[in-house]
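A short worksheet on the structure shown next.
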Amino acid sequence: FMGSSSAQLSTNFYSTSCPNLFTTVKSAVQSAISKEARMGASLLRLFFHDCFVNGCDGSILLDDTSSFTGEKRAAPNFNSVRGFDVVDNIKSAVEKACPGVVSCADLLAIASRDSVVVLGGPTWNVKLGRRDARTASQAAANSSIPPPTSNLNNLISRFNALGLSTRDMVALSGSHTIGQARCTSFRPHIYNDTNIDASFAQTRQRNCPRSTGSGDNNLAPLDLQTPTAFDNNYYKNLVNRRGLLHSDQELFNGGSTDSIVRTYSNGQSTFNSDFASAMIKMGDISPLTGSNGEIRKNCKKIN
């Protein structure tokens, strides 16, 4: 995972080659979020699903070709990840400012940070210098991204395998302070699990019928209190047994991570700083640097 290549990433990578990079990305992200608040969560999730599959290399953005089946139709992504059009808008704005310089992989890293900031969360300095993959892997996406049915041990080991600690995992799960999930992802938790507040389960059942195939794409907010504000309410919900996904409530269910959840639920600033450091670590997973990969002109296809 984090080899010597992550040492080649730096926060000032484009300071001379694309001086207006940050302002260009920020204004595109702000405009997308003002049209639809949910888009901040969608962009953040794209970065997570990119980094967990062969590293932060922009592979999630590639359409299928005759030579490879991409990641867009993998189970964790199909009918689920979104925001590709916004990434294209960001890319074309950056291409106007400095053509052929900035990778799509780096744009995902910056757009994630900007999304968190626009929605009221912490900021951090994004390390840059990743290059774009020339292939993608549906199989790797299917096996690497933890599903919402994961138990605590699954989550810990998936994150550990990529160099992320248990505490990083709990902090990064706080991304679920924003965004929406589909009924098909939270149905098992609201009908089959007992570690859930009864009135909360009833509320969610109203918009998510028990039988598979009925209302599968109906949405509910991952954080029922402030679904478009990046705060620590996600952890307060967990303490009150109001996590939406089975995998959310696993973080506070009598196991080794309960104390971290309590810490974050009581301390917004501790959560903010841990989240920022964990995002930087996630951004360090197996980047392509130097002469590996390429700088894609169009994020959907290789040059």
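Numbering starts fresh at 1 for the residues of each chain in the structure tokens, the chains themselves are lettered A, B, ... in the order given, and ligands are numbered from 1 as they appear.
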Write out as an mmCIF file with C-alpha atoms, in the first residue's frame each polymer residue whose atoms come within 8 Å of segment 209-213 of chain A, counting only C-alpha atoms; drop sequence neighbours fewer than 3 positions from it.
```
data_model
loop_
_atom_site.group_PDB
_atom_site.id
_atom_site.type_symbol
_atom_site.label_atom_id
_atom_site.label_comp_id
_atom_site.auth_asym_id
_atom_site.auth_seq_id
_atom_site.Cartn_x
_atom_site.Cartn_y
_atom_site.Cartn_z
ATOM 1 C CA THR A 184 -31.522 -1.919 -0.160
ATOM 2 C CA ARG A 187 -33.210 -2.826 5.020
ATOM 3 C CA TYR A 191 -35.857 -5.280 10.040
ATOM 4 C CA GLN A 205 -39.534 1.175 7.739
ATOM 5 C CA ARG A 206 -42.204 3.606 6.519
ATOM 6 C CA ASP A 216 -35.058 -0.606 -3.108
#
```
Inset, instruction - Please provide the set of residues having any atom within 8 Å of Ser265 of chain A, restricted to only C-alpha atoms, with same-chain residues fewer than 2 positions apart removed, written as a list in words. - result: Asn232, Asn233, Tyr234, Tyr235, Lys236, Val239, Val261, Arg262, Thr263, Gly267 and Gln268 of chain A
Please write the residues from the selection above to a file, keeping C-alpha atoms, as a compact mmCIF listing (two decimals), in the first residue's frame.
```
# COMPACT_ATOMS: atom_id res chain seq x y z
CA ASN A 232 -20.30 14.81 14.99
CA ASN A 233 -24.03 13.97 15.17
CA TYR A 234 -23.30 10.67 13.40
CA TYR A 235 -21.60 9.45 16.59
CA LYS A 236 -24.35 10.82 18.85
CA VAL A 239 -24.73 6.09 20.99
CA VAL A 261 -17.39 6.60 19.24
CA ARG A 262 -18.04 8.08 22.70
CA THR A 263 -14.98 10.32 22.38
CA GLY A 267 -15.86 16.13 21.13
CA GLN A 268 -16.40 17.76 17.75
```
Inset, instruction - Pick out the closest residue to Leu245 of chain A from this set: A:Ser214, A:Ile280, A:Asn298, A:Ser150. Count only C-alpha atoms. - result: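 So, comparing all the options, the nearest one is A:Ser150.
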Per-residue nearest contacts of segment 101-188 of chain A to segment 50-71 of chain A (7 Å; only C-alpha atoms) as a Markdown table:
```
| residue | atom | partner | partner_atom | distance |
| --- | --- | --- | --- | --- |
| A:Cys104 | CA | A:Gly58 | CA | 5.7 |
| A:Ala105 | CA | A:Gly58 | CA | 4.2 |
| A:Arg130 | CA | A:Asp57 | CA | 6.7 |
| A:Arg131 | CA | A:Asp57 | CA | 6.3 |
| A:Asp132 | CA | A:Asp57 | CA | 5.0 |
| A:Ala133 | CA | A:Asp57 | CA | 5.3 |
| A:Thr135 | CA | A:Ser59 | CA | 6.6 |
| A:Ala136 | CA | A:Gly70 | CA | 5.0 |
| A:Ser137 | CA | A:Gly70 | CA | 5.4 |
| A:Gln138 | CA | A:Glu71 | CA | 4.4 |
| A:Ala140 | CA | A:Val53 | CA | 5.9 |
| A:Ala141 | CA | A:Val53 | CA | 5.5 |
| A:Ser144 | CA | A:Val53 | CA | 6.0 |
| A:Ile145 | CA | A:Phe52 | CA | 6.3 |
```
